[in-house]
Structure formats: C-alpha cells, structure tokens
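Shown below: coords_27.cif, with mmCIF, C-alpha atoms and all ligand atoms.
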```
data_structure
loop_
_atom_site.label_atom_id
_atom_site.label_comp_id
_atom_site.auth_asym_id
_atom_site.auth_seq_id
_atom_site.Cartn_x
_atom_site.Cartn_y
_atom_site.Cartn_z
CA MET A 30 -12.69 -36.02 -16.71
CA ASP A 31 -10.68 -38.13 -14.31
CA ASP A 32 -10.25 -35.93 -11.26
CA LEU A 33 -7.80 -38.40 -9.70
CA GLN A 34 -5.22 -37.29 -12.25
CA PHE A 35 -5.32 -33.87 -10.58
CA GLY A 36 -5.82 -34.76 -6.93
CA THR A 37 -6.74 -37.38 -4.35
CA ARG A 38 -9.96 -38.49 -2.66
CA ASP A 39 -10.04 -39.52 1.00
CA LYS A 40 -12.13 -42.24 2.67
CA ARG A 41 -15.04 -39.86 3.14
CA GLY A 42 -15.03 -38.93 -0.52
CA ASN A 43 -13.57 -35.43 -0.08
CA TRP A 44 -11.32 -34.46 -2.98
CA ALA A 45 -8.18 -32.29 -2.68
CA PRO A 46 -5.91 -31.02 -5.45
CA SER A 47 -2.39 -32.46 -5.54
CA ARG A 48 -0.97 -29.06 -6.50
CA THR A 49 -0.68 -26.72 -3.56
CA LEU A 50 -1.71 -23.09 -3.83
CA GLU A 51 1.00 -20.68 -4.90
CA ILE A 52 1.16 -16.95 -4.33
CA ALA A 53 1.74 -14.77 -7.41
CA PRO A 54 5.10 -15.69 -9.03
CA PHE A 55 6.56 -12.16 -8.88
CA TRP A 56 6.75 -12.51 -5.08
CA THR A 57 8.66 -15.79 -5.21
CA GLY A 58 10.99 -15.06 -8.13
CA LYS A 59 9.45 -17.82 -10.26
CA PHE A 60 9.50 -15.60 -13.32
CA SER A 61 9.15 -18.51 -15.73
CA LYS A 62 5.59 -18.89 -14.43
CA LEU A 63 4.65 -15.28 -15.21
CA GLY A 64 3.12 -16.14 -18.60
CA SER A 65 0.71 -18.79 -17.32
CA PHE A 66 -0.03 -16.62 -14.27
CA ALA A 67 -0.94 -13.63 -16.48
CA LEU A 68 -3.19 -15.82 -18.60
CA SER A 69 -5.06 -17.27 -15.62
CA TYR A 70 -5.23 -13.77 -14.08
CA LEU A 71 -7.20 -12.51 -17.05
CA TRP A 72 -8.93 -15.52 -18.53
CA PRO A 73 -11.70 -16.32 -18.10
CA TRP A 74 -12.90 -14.63 -14.91
CA ASN A 75 -11.55 -11.08 -15.00
CA ILE A 76 -12.31 -10.79 -18.72
CA PHE A 77 -15.85 -11.90 -17.94
CA TYR A 78 -16.25 -9.24 -15.21
CA MET A 79 -14.88 -6.61 -17.60
CA VAL A 80 -17.39 -7.64 -20.27
CA MET A 81 -20.15 -7.41 -17.66
CA ALA A 82 -18.97 -3.94 -16.59
CA LEU A 83 -18.94 -2.76 -20.22
CA ALA A 84 -22.38 -4.24 -20.89
CA TYR A 85 -23.81 -2.53 -17.79
CA TRP A 86 -22.21 0.76 -18.73
CA PHE A 87 -23.10 0.93 -22.42
CA PHE A 88 -26.50 -0.76 -22.42
CA LEU A 89 -27.92 0.17 -19.03
CA LEU A 90 -26.23 3.03 -17.25
CA GLU A 91 -24.88 5.49 -19.79
CA PRO A 92 -28.28 5.80 -21.57
CA ASN A 93 -29.93 6.38 -18.17
CA LEU A 94 -27.35 8.55 -16.42
CA ALA A 95 -29.93 11.33 -15.89
CA LEU A 96 -31.75 8.98 -13.51
CA TYR A 97 -28.73 9.00 -11.18
CA GLN A 98 -28.26 12.78 -10.93
CA SER A 99 -30.49 12.58 -7.90
CA ILE A 100 -31.15 9.66 -5.60
CA SER A 101 -34.34 8.11 -6.91
CA LEU A 102 -36.30 4.94 -6.52
CA ALA A 103 -36.41 4.58 -10.30
CA GLY A 104 -32.59 4.60 -10.50
CA PHE A 105 -32.34 2.08 -7.69
CA GLY A 106 -35.08 -0.11 -9.18
CA LEU A 107 -33.48 -0.28 -12.61
CA LEU A 108 -30.07 -1.27 -11.27
CA PHE A 109 -31.51 -3.66 -8.67
CA ALA A 110 -33.52 -5.45 -11.37
CA ALA A 111 -30.35 -5.86 -13.46
CA ASN A 112 -28.16 -6.99 -10.55
CA ALA A 113 -30.74 -9.40 -9.16
CA GLY A 114 -31.52 -10.73 -12.65
CA VAL A 115 -27.88 -11.36 -13.57
CA ILE A 116 -27.08 -12.93 -10.18
CA PHE A 117 -30.17 -15.12 -10.45
CA ALA A 118 -29.17 -16.32 -13.92
CA TYR A 119 -25.42 -16.62 -13.22
CA PHE A 120 -25.24 -18.04 -9.67
CA GLY A 121 -28.51 -19.90 -10.29
CA GLY A 122 -27.11 -21.39 -13.49
CA VAL A 123 -24.03 -22.72 -11.69
CA GLU A 124 -26.25 -24.01 -8.86
CA LEU A 125 -28.63 -25.70 -11.31
CA LEU A 126 -25.93 -27.38 -13.40
CA TYR A 127 -23.48 -28.44 -10.71
CA TYR A 128 -25.62 -28.77 -7.56
CA THR A 129 -29.16 -29.62 -8.66
CA ARG A 130 -28.51 -31.62 -11.83
CA ARG A 131 -25.03 -32.56 -10.60
CA LYS A 132 -23.61 -32.45 -14.12
CA GLN A 133 -20.19 -33.63 -12.95
CA GLU A 134 -21.41 -35.43 -9.80
CA ASN A 135 -18.67 -34.98 -7.21
CA ARG A 136 -15.69 -34.88 -9.53
CA PHE A 137 -13.31 -32.12 -8.35
CA LYS A 138 -15.63 -31.45 -5.38
CA TYR A 139 -13.73 -30.61 -2.20
CA ASN A 140 -16.51 -31.67 0.16
CA ALA A 141 -18.15 -34.94 -0.87
CA LYS A 142 -21.53 -33.82 0.50
CA PHE A 143 -23.97 -31.44 -1.15
CA PRO A 144 -25.51 -28.85 1.20
CA SER A 145 -29.06 -30.06 0.48
CA GLU A 146 -28.13 -33.40 2.12
CA ASN A 147 -27.49 -31.63 5.43
CA PRO A 148 -30.51 -29.79 6.90
CA SER A 149 -29.34 -27.63 9.80
CA ASP A 150 -30.94 -25.45 12.46
CA VAL A 151 -28.46 -22.63 11.89
CA PHE A 152 -30.23 -21.72 8.63
CA TRP A 153 -33.57 -20.05 7.99
CA PHE A 154 -36.08 -22.85 7.25
CA LYS A 155 -33.25 -25.33 8.08
CA SER A 156 -32.04 -25.01 4.48
CA GLN A 157 -28.63 -23.61 3.56
CA ASN A 158 -29.85 -22.95 0.01
CA LEU A 159 -33.02 -21.10 0.93
CA ASP A 160 -31.33 -19.15 3.75
CA ASN A 161 -28.41 -18.10 1.54
CA PHE A 162 -30.69 -17.28 -1.39
CA LEU A 163 -33.00 -15.05 0.67
CA ARG A 164 -30.11 -13.25 2.38
CA SER A 165 -28.53 -12.58 -1.02
CA PHE A 166 -31.67 -11.17 -2.66
CA PHE A 167 -33.18 -9.30 0.29
CA LEU A 168 -30.02 -8.00 1.96
CA SER A 169 -26.78 -8.18 -0.02
CA ILE A 170 -27.93 -7.34 -3.57
CA PRO A 171 -29.91 -4.29 -2.30
CA MET A 172 -26.78 -3.15 -0.40
CA TRP A 173 -24.61 -3.63 -3.49
CA THR A 174 -27.14 -1.66 -5.56
CA ILE A 175 -27.26 1.19 -3.00
CA MET A 176 -23.45 1.48 -3.21
CA GLU A 177 -23.59 1.60 -7.02
CA VAL A 178 -26.39 4.18 -6.99
CA LEU A 179 -24.34 6.38 -4.64
CA PHE A 180 -21.27 5.99 -6.84
CA LEU A 181 -23.30 6.96 -9.94
CA TYR A 182 -24.72 9.94 -8.05
CA CYS A 183 -21.14 11.06 -7.30
CA PHE A 184 -20.10 10.54 -10.92
CA THR A 185 -23.03 12.38 -12.48
CA ASN A 186 -22.55 15.26 -10.04
CA GLY A 187 -18.79 15.48 -10.60
CA ILE A 188 -17.95 14.44 -7.04
CA HIS A 189 -14.43 12.98 -6.77
CA ALA A 190 -11.48 13.69 -4.47
CA LEU A 191 -9.22 14.43 -7.47
CA GLY A 192 -11.52 14.56 -10.50
CA TRP A 193 -12.76 11.82 -12.87
CA LEU A 194 -10.41 10.92 -15.73
CA GLU A 195 -11.24 10.54 -19.44
CA TRP A 196 -9.99 7.51 -21.41
CA GLU A 197 -8.69 9.64 -24.31
CA GLN A 198 -6.09 11.45 -22.22
CA HIS A 199 -5.38 8.94 -19.46
CA TRP A 200 -5.87 5.53 -21.04
CA VAL A 201 -2.46 4.17 -19.95
CA TRP A 202 -3.15 4.85 -16.26
CA LEU A 203 -6.73 3.62 -16.55
CA VAL A 204 -5.58 0.32 -18.09
CA VAL A 205 -2.99 -0.04 -15.29
CA LEU A 206 -5.65 0.74 -12.68
CA THR A 207 -8.02 -1.82 -14.21
CA LEU A 208 -5.28 -4.47 -14.00
CA LEU A 209 -4.61 -3.45 -10.40
CA GLY A 210 -8.31 -3.75 -9.48
CA PRO A 211 -8.05 -7.35 -8.21
CA ALA A 212 -4.98 -6.38 -6.12
CA LEU A 213 -6.86 -3.45 -4.56
CA HIS A 214 -9.67 -5.86 -3.83
CA GLU A 215 -7.36 -8.35 -2.13
CA VAL A 216 -5.99 -5.68 0.21
CA HIS A 217 -9.44 -4.30 1.02
CA PHE A 218 -11.02 -7.73 1.44
CA PHE A 219 -8.18 -9.06 3.61
CA THR A 220 -8.46 -6.01 5.90
CA ILE A 221 -12.21 -6.04 6.46
CA HIS A 222 -12.35 -9.82 6.53
CA TRP A 223 -9.63 -10.12 9.18
CA LEU A 224 -11.40 -7.42 11.19
CA ILE A 225 -14.77 -9.16 11.22
CA HIS A 226 -13.06 -12.33 12.39
CA GLN A 227 -12.11 -10.59 15.64
CA PRO A 228 -14.39 -10.89 18.67
CA PRO A 229 -17.07 -9.68 19.15
CA LEU A 230 -17.48 -8.70 15.49
CA TYR A 231 -17.27 -12.31 14.40
CA LYS A 232 -20.23 -13.36 16.50
CA TRP A 233 -22.33 -10.32 15.62
CA ILE A 234 -21.58 -10.09 11.94
CA HIS A 235 -19.46 -12.63 10.14
CA SER A 236 -20.71 -15.86 11.75
CA ILE A 237 -23.72 -15.66 9.41
CA HIS A 238 -21.52 -16.08 6.36
CA HIS A 239 -19.64 -18.90 8.08
CA ASN A 240 -22.77 -20.90 8.83
CA SER A 241 -21.97 -22.39 5.41
CA ILE A 242 -19.05 -24.67 6.26
CA ASN A 243 -19.62 -26.44 2.96
CA PRO A 244 -20.26 -23.40 0.75
CA SER A 245 -22.20 -23.51 -2.50
CA PRO A 246 -23.04 -20.78 -5.06
CA TRP A 247 -25.80 -19.15 -3.00
CA SER A 248 -23.41 -18.84 -0.02
CA SER A 249 -21.34 -16.28 -1.92
CA LEU A 250 -23.39 -13.22 -0.99
CA SER A 251 -25.00 -14.59 2.14
CA MET A 252 -23.84 -11.97 4.61
CA HIS A 253 -24.91 -9.76 7.48
CA PRO A 254 -25.75 -6.26 6.10
CA VAL A 255 -22.77 -4.75 7.96
CA GLU A 256 -20.51 -7.18 6.15
CA SER A 257 -22.05 -6.49 2.74
CA PHE A 258 -21.68 -2.76 3.42
CA ALA A 259 -17.98 -3.21 4.30
CA TYR A 260 -17.53 -5.46 1.26
CA PHE A 261 -19.21 -3.29 -1.37
CA VAL A 262 -17.96 0.05 -0.02
CA GLU A 263 -14.75 -0.90 -1.88
CA ILE A 264 -16.10 0.81 -5.01
CA PHE A 265 -15.60 4.18 -3.27
CA LEU A 266 -11.82 3.69 -3.46
CA HIS A 267 -12.38 4.94 -7.01
CA LEU A 268 -13.56 8.26 -5.62
CA LEU A 269 -10.23 8.69 -3.86
CA ILE A 270 -7.80 7.61 -6.57
CA PRO A 271 -7.79 9.08 -10.11
CA SER A 272 -10.27 6.84 -11.92
CA ASN A 273 -13.07 6.52 -14.44
CA PRO A 274 -16.63 5.17 -13.95
CA ILE A 275 -16.00 2.14 -16.18
CA VAL A 276 -12.99 1.12 -14.07
CA ALA A 277 -15.01 1.66 -10.89
CA LEU A 278 -17.83 -0.42 -12.34
CA PHE A 279 -15.35 -3.20 -13.21
CA GLN A 280 -14.27 -3.18 -9.53
CA SER A 281 -17.89 -3.44 -8.44
CA LYS A 282 -18.85 -6.21 -10.86
CA MET A 283 -15.65 -8.11 -10.10
CA ILE A 284 -16.46 -8.24 -6.40
CA GLY A 285 -20.21 -8.80 -6.81
CA PHE A 286 -20.06 -11.56 -9.41
CA GLY A 287 -16.59 -12.70 -8.30
CA ALA A 288 -17.90 -13.59 -4.83
CA LEU A 289 -19.07 -16.77 -6.54
CA ASN A 290 -15.55 -18.02 -7.23
CA GLY A 291 -14.60 -18.73 -3.64
CA HIS A 292 -17.85 -20.60 -3.02
CA ILE A 293 -18.19 -22.83 -6.07
CA GLY A 294 -17.09 -25.90 -4.08
CA PHE A 295 -15.49 -27.55 -7.11
CA ASP A 296 -11.84 -27.06 -8.11
CA LYS A 297 -12.68 -27.26 -11.80
CA LEU A 298 -15.93 -26.86 -13.66
CA GLU A 299 -16.11 -29.33 -16.51
CA ILE A 300 -17.29 -27.69 -19.70
CA THR A 301 -16.89 -30.61 -22.08
CA GLU A 302 -15.56 -34.18 -21.73
CA ASP A 303 -11.97 -32.99 -21.67
CA ALA A 304 -12.09 -29.25 -21.03
CA ALA A 305 -12.61 -27.54 -17.69
CA VAL A 306 -12.11 -24.09 -16.16
CA ASP A 307 -10.31 -23.52 -12.88
CA SER A 308 -12.69 -22.11 -10.29
CA HIS A 309 -9.98 -20.47 -8.09
CA ALA A 310 -12.12 -21.63 -5.15
CA TYR A 311 -9.60 -23.57 -3.07
CA ALA A 312 -8.06 -20.79 -0.94
CA HIS A 313 -11.48 -19.56 0.21
CA TYR A 314 -12.80 -23.11 0.56
CA LEU A 315 -9.99 -23.74 3.07
CA HIS A 316 -11.04 -20.54 4.85
CA HIS A 317 -14.59 -21.89 5.23
CA LYS A 318 -13.18 -25.19 6.44
CA TYR A 319 -10.65 -23.88 8.96
CA PHE A 320 -11.88 -20.28 9.60
CA GLU A 321 -8.66 -18.58 10.70
CA VAL A 322 -6.63 -19.04 7.50
CA ASN A 323 -6.66 -17.36 4.08
CA TYR A 324 -8.46 -14.11 4.88
CA GLY A 325 -7.52 -12.69 1.48
CA GLY A 326 -7.47 -14.33 -1.94
CA GLU A 327 -4.91 -16.41 -3.75
CA GLY A 328 -1.88 -14.32 -2.91
CA LEU A 329 -1.84 -11.62 -5.55
CA ILE A 330 -0.86 -9.41 -2.63
CA PRO A 331 0.09 -12.19 -0.21
CA LEU A 332 -0.98 -10.61 3.06
CA ASP A 333 -1.94 -14.01 4.47
CA LYS A 334 1.58 -15.26 3.85
CA TRP A 335 3.14 -12.13 5.39
CA PHE A 336 0.96 -12.31 8.51
CA GLY A 337 1.22 -16.09 8.96
CA PHE A 338 -2.34 -17.06 7.98
CA TRP A 339 -1.54 -18.71 4.64
CA HIS A 340 -2.78 -22.27 4.05
CA ASP A 341 -1.76 -23.68 0.68
CA GLY A 342 -3.44 -27.06 1.16
CA SER A 343 -0.21 -28.91 2.04
CA LYS A 344 0.43 -31.13 5.07
CA GLU A 345 3.09 -28.65 6.26
CA ALA A 346 0.61 -25.77 6.16
CA ASP A 347 -1.84 -27.93 8.08
CA ALA A 348 0.73 -28.64 10.79
CA GLN A 349 1.64 -24.94 11.02
CA MET A 350 -2.03 -24.02 11.32
CA LYS A 351 -2.62 -26.56 14.07
CA ALA A 352 0.41 -25.30 15.99
CA ARG A 353 -0.89 -21.73 15.66
CA PHE A 354 -4.37 -22.74 16.88
CA LYS A 355 -2.84 -24.63 19.82
CA ALA A 356 -0.66 -21.66 20.80
CA LYS A 357 -3.73 -19.43 20.69
CA LYS A 358 -5.73 -21.84 22.82
CA ASP A 359 -2.90 -22.06 25.37
CA ARG A 360 -2.65 -18.25 25.49
CA LEU A 361 -6.38 -17.93 26.14
CA LYS A 362 -6.24 -20.66 28.80
CA ALA A 363 -3.33 -18.95 30.56
CA LYS A 364 -5.18 -15.64 30.44
CA ALA A 365 -8.32 -17.20 31.93
CA ALA A 366 -6.28 -18.92 34.66
CA ALA A 367 -4.54 -15.63 35.53
CA ALA A 368 -7.88 -13.83 35.71
CA GLU A 369 -9.26 -16.55 37.98
CA ALA A 370 -6.19 -16.39 40.25
CA ARG A 371 -6.70 -12.62 40.61
CA GLY A 372 -10.29 -13.43 41.61
ZN ZN B 401 -16.94 -17.11 2.05
ZN ZN B 402 -14.41 -15.46 7.15
#
```
Translate the structure described by the file into structure tokens.
Amino acid sequence: MDDLQFGTRDKRGNWAPSRTLEIAPFWTGKFSKLGSFALSYLWPWNIFYMVMALAYWFFLLEPNLALYQSISLAGFGLLFAANAGVIFAYFGGVELLYYTRRKQENRFKYNAKFPSENPSDVFWFKSQNLDNFLRSFFLSIPMWTIMEVLFLYCFTNGIHALGWLEWEQHWVWLVVLTLLGPALHEVHFFTIHWLIHQPPLYKWIHSIHHNSINPSPWSSLSMHPVESFAYFVEIFLHLLIPSNPIVALFQSKMIGFGALNGHIGFDKLEITEDAAVDSHAYAHYLHHKYFEVNYGGEGLIPLDKWFGFWHDGSKEADAQMKARFKAKKDRLKAKAAAAEARG
C-alpha cells in the first residue's frame, strides 16, 4: 500500500498520518460519523477480545471452576500457561511479521527506526526487545494472572458487592456493560496513568515503561510490578458494579491483549496488498514520544481533552503542548529561585 496517500514522511523517515485524532463523535456533535465510529469501536479489536474472553471462559475456565474455589498453584499454573501462551503467539506473531521479517518495511511506521537498531544501556542486556520480553513474562503476565485467579476465587465463592448477575434475566444490562467496558477502562487507565506520571512515582515506577521511546509489541506489558498491579486491578470494578464473570473476563482480556494496540508502532497493519487494519496506536505513540500528553486512550471519554493534555497530532496541538511545557518549566524555575532566595 502507498502510505503517502494517508500521511507524510519527514526527512528522517518518520511517518505521520494526515488525519488528526478525533475524540468520539458524540462529544463533538458530529453525529454523521457515529456509524463509522461504532464500526471501528467494535471491529476488529473489541470483537477479537470478546472472542478471546468467550474462548477462555467456555474452553478453559468454566470446565475447571472447581480449581478456583480455593487459591491454588494448579489454578494459577493453568491460567498462567494460557495467558503466557496466547501473549507469546499474539504479540510474538506481530513482532515476527512486522519487526523481524518487516513484512511492510516501514510503511505506516511512525518512527523510522526499529528498536533492534538502537542498543541502549537503559535496558536489561542493552536490548529493548529482550528487556521488554522478560519483564512481560516474569512480572506483568504473572501479575495479570494473579488478578484473574483472585477474581475467579471471588466468583466461585459468591463474593460480590451486589451479587453476580445471570445473562437470562439481565442480558440487556450485561450487553450495555460490555459495550461500556472500554469506557470504564479509559477512565481507570487515565487516572492511574496520570498518577504514576507525578513525581516521585514516575521515577520509581513508570519510567521503566517509558524507557521504550520507540515502542514495539513487547513494550506493551513491560512495566514495574506496581504499575501492572494498578493496571490489572481494573477487573475488580466488576466486583463493585452489577456484572457477570464473562463481562469481567472481557474487561481483563481487553486490557491484557489490548495493551498491544498502543505499542504496535505502525498506524495500519497491512493484511493484503490493498487491505489494512487500523492499529489505533497513534494517541499512545504520541504519549511515548512526548510523555505528558494523551494519558488516556483515543477520547472515548475525553479526559485528556478536558484536562488540557490532548495531542491530536496537529501542528496546533504541538504548539499548545510546547507552550504548556514552557509554562511548567518557568513555574519550576521561579519556585527554585524563590527557594534559593529564602536560603
Ligand atoms: Zn505505553
Ligand atoms: Zn506514561
């Protein structure tokens, strides 16, 4: 595909889309865009996470629910093997096709460079790939699995603030809640993400994730354990609101597998010569590039816009961001000067 029909490439080879990011159309009154928004909301990513949640539930968890009535190593082991296996195949597949074999070279790639071309001391073994891979499999996936085991323990023991709901009687609400899952996630993610950007939490916790300025698939779950705890604890929202284990599992799979989207590094993944899927990676790519913008997602609940952190990729947004950074720098300088004057 010709990526220059969809964007521009600068002197260094970095590609940027010509269309700027837009928050969900119901916030801006662009109701004519609701149809295409709804389609891209569901297809293909959220449908894929739903299929994964159903597959986990019907083939793996429901037949083995007895394992989760108590906290056991067997229950953890089974779920960890599945989570690690699927992540290995899924993230690894994207890595293999688009980063190792470079199936579409750097077409639609925001950053012209591939991480393997840039060895850096900030990473274990100087390799972003190896560092991110090991952190995912030895820290984040175990944390994710622990959260899911605890949630299954609560479900099998009937623990819920208001009681678990059955699909037969409450299917309308459960469908609505499933559709609201990504919105719940955006609010939760924005909140914890903004928090861990504040000093000293940033230095202690979140800087590890941000070592990857040019993120790639393995960067997705490369986090400090405190961050992965705060990230995956989201599933417990379904113990506070009326819910069902399948909806809770959808939430969990959406955030576990969906972490990939922000870190794909390509705007579109070419499937055939003239068909491609949108990665929805740009908002979070800009976050990795500029740090203090786009703490949430793509503006389903546009908290970034409301709090002044939104960067849609345009020149105007860039100028606003620079002005905000300068004002912050000036404030800090003035504070330091005042402290010095006080002695
Ligand atoms: Zn990230
Ligand atoms: Zn961040």
| said: I'd like to know which of A:Leu332, A:Leu250, A:Leu191, A:Ile221 is closest to Arg164 of chain A, using all atoms listed in the file. | reply: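 Checking each of A:Leu332, A:Leu250, A:Leu191, A:Ile221 against Arg164 of chain A, counting all atoms listed in the file, the winner is A:Leu250.
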| message | Any residue with an atom at most 8 Å from ligand ZN 402 (chain B) counts, using all atoms listed in the file. Which are they? Put them as a list in words. | response | His222, Trp223, Ile225, His226, His235, Ser236, His238, His239, His316, His317, Phe320, Glu321 and Tyr324 of chain A
| message | At a cut-off of 10 Å, using all atoms listed in the file, what residues contact Ala110 of chain A? Leave out same-chain residues fewer than 4 positions from it and give the result as number ranges by chain. | response | A: 105-106, 114-116, 170-171, 174
Pull the neighbourhood of (-26.4, 14.0, -15.4) for me: all residues within 10 Å in file coordinates, counting all atoms listed in the file, as an mmCIF file with C-alpha atoms, keeping the file's coordinate frame.
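Contents of part.cif, freshly written:
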```
data_model
loop_
_atom_site.group_PDB
_atom_site.id
_atom_site.type_symbol
_atom_site.label_atom_id
_atom_site.label_comp_id
_atom_site.auth_asym_id
_atom_site.auth_seq_id
_atom_site.Cartn_x
_atom_site.Cartn_y
_atom_site.Cartn_z
ATOM 1 C CA GLU A 91 -24.880 5.490 -19.790
ATOM 2 C CA ASN A 93 -29.930 6.380 -18.170
ATOM 3 C CA LEU A 94 -27.350 8.550 -16.420
ATOM 4 C CA ALA A 95 -29.930 11.330 -15.890
ATOM 5 C CA LEU A 96 -31.750 8.980 -13.510
ATOM 6 C CA TYR A 97 -28.730 9.000 -11.180
ATOM 7 C CA GLN A 98 -28.260 12.780 -10.930
ATOM 8 C CA SER A 99 -30.490 12.580 -7.900
ATOM 9 C CA LEU A 181 -23.300 6.960 -9.940
ATOM 10 C CA TYR A 182 -24.720 9.940 -8.050
ATOM 11 C CA PHE A 184 -20.100 10.540 -10.920
ATOM 12 C CA THR A 185 -23.030 12.380 -12.480
ATOM 13 C CA ASN A 186 -22.550 15.260 -10.040
ATOM 14 C CA GLY A 187 -18.790 15.480 -10.600
#
```
Show me a table, sorted first by chain and then by increasing residue number, of the residues of chain A having an atom at most 9 Å from ligand ZN 401 (chain B), each with its shortest atom pair and the distance in Å to one decimal, counting only C-alpha atoms and all ligand atoms and written as CSV.
```
residue,atom,partner,partner_atom,distance
A:His238,CA,B:ZN401,ZN,6.4
A:His239,CA,B:ZN401,ZN,6.8
A:Ser241,CA,B:ZN401,ZN,8.0
A:Ile242,CA,B:ZN401,ZN,8.9
A:Pro244,CA,B:ZN401,ZN,7.2
A:Ser248,CA,B:ZN401,ZN,7.0
A:Ser249,CA,B:ZN401,ZN,6.0
A:Leu250,CA,B:ZN401,ZN,8.1
A:Ser251,CA,B:ZN401,ZN,8.4
A:Met252,CA,B:ZN401,ZN,9.0
A:Ala288,CA,B:ZN401,ZN,7.8
A:Leu289,CA,B:ZN401,ZN,8.9
A:Gly291,CA,B:ZN401,ZN,6.4
A:His292,CA,B:ZN401,ZN,6.2
A:His313,CA,B:ZN401,ZN,6.3
A:Tyr314,CA,B:ZN401,ZN,7.4
A:His316,CA,B:ZN401,ZN,7.4
A:His317,CA,B:ZN401,ZN,6.2
```
| field | Atom pair atom CA of Gly285 of chain A / atom CA of Asn112 of chain A: separation (Å) | value |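 Atom CA of Asn112 of chain A lies at a distance of 9.0 Å from atom CA of Gly285 of chain A.
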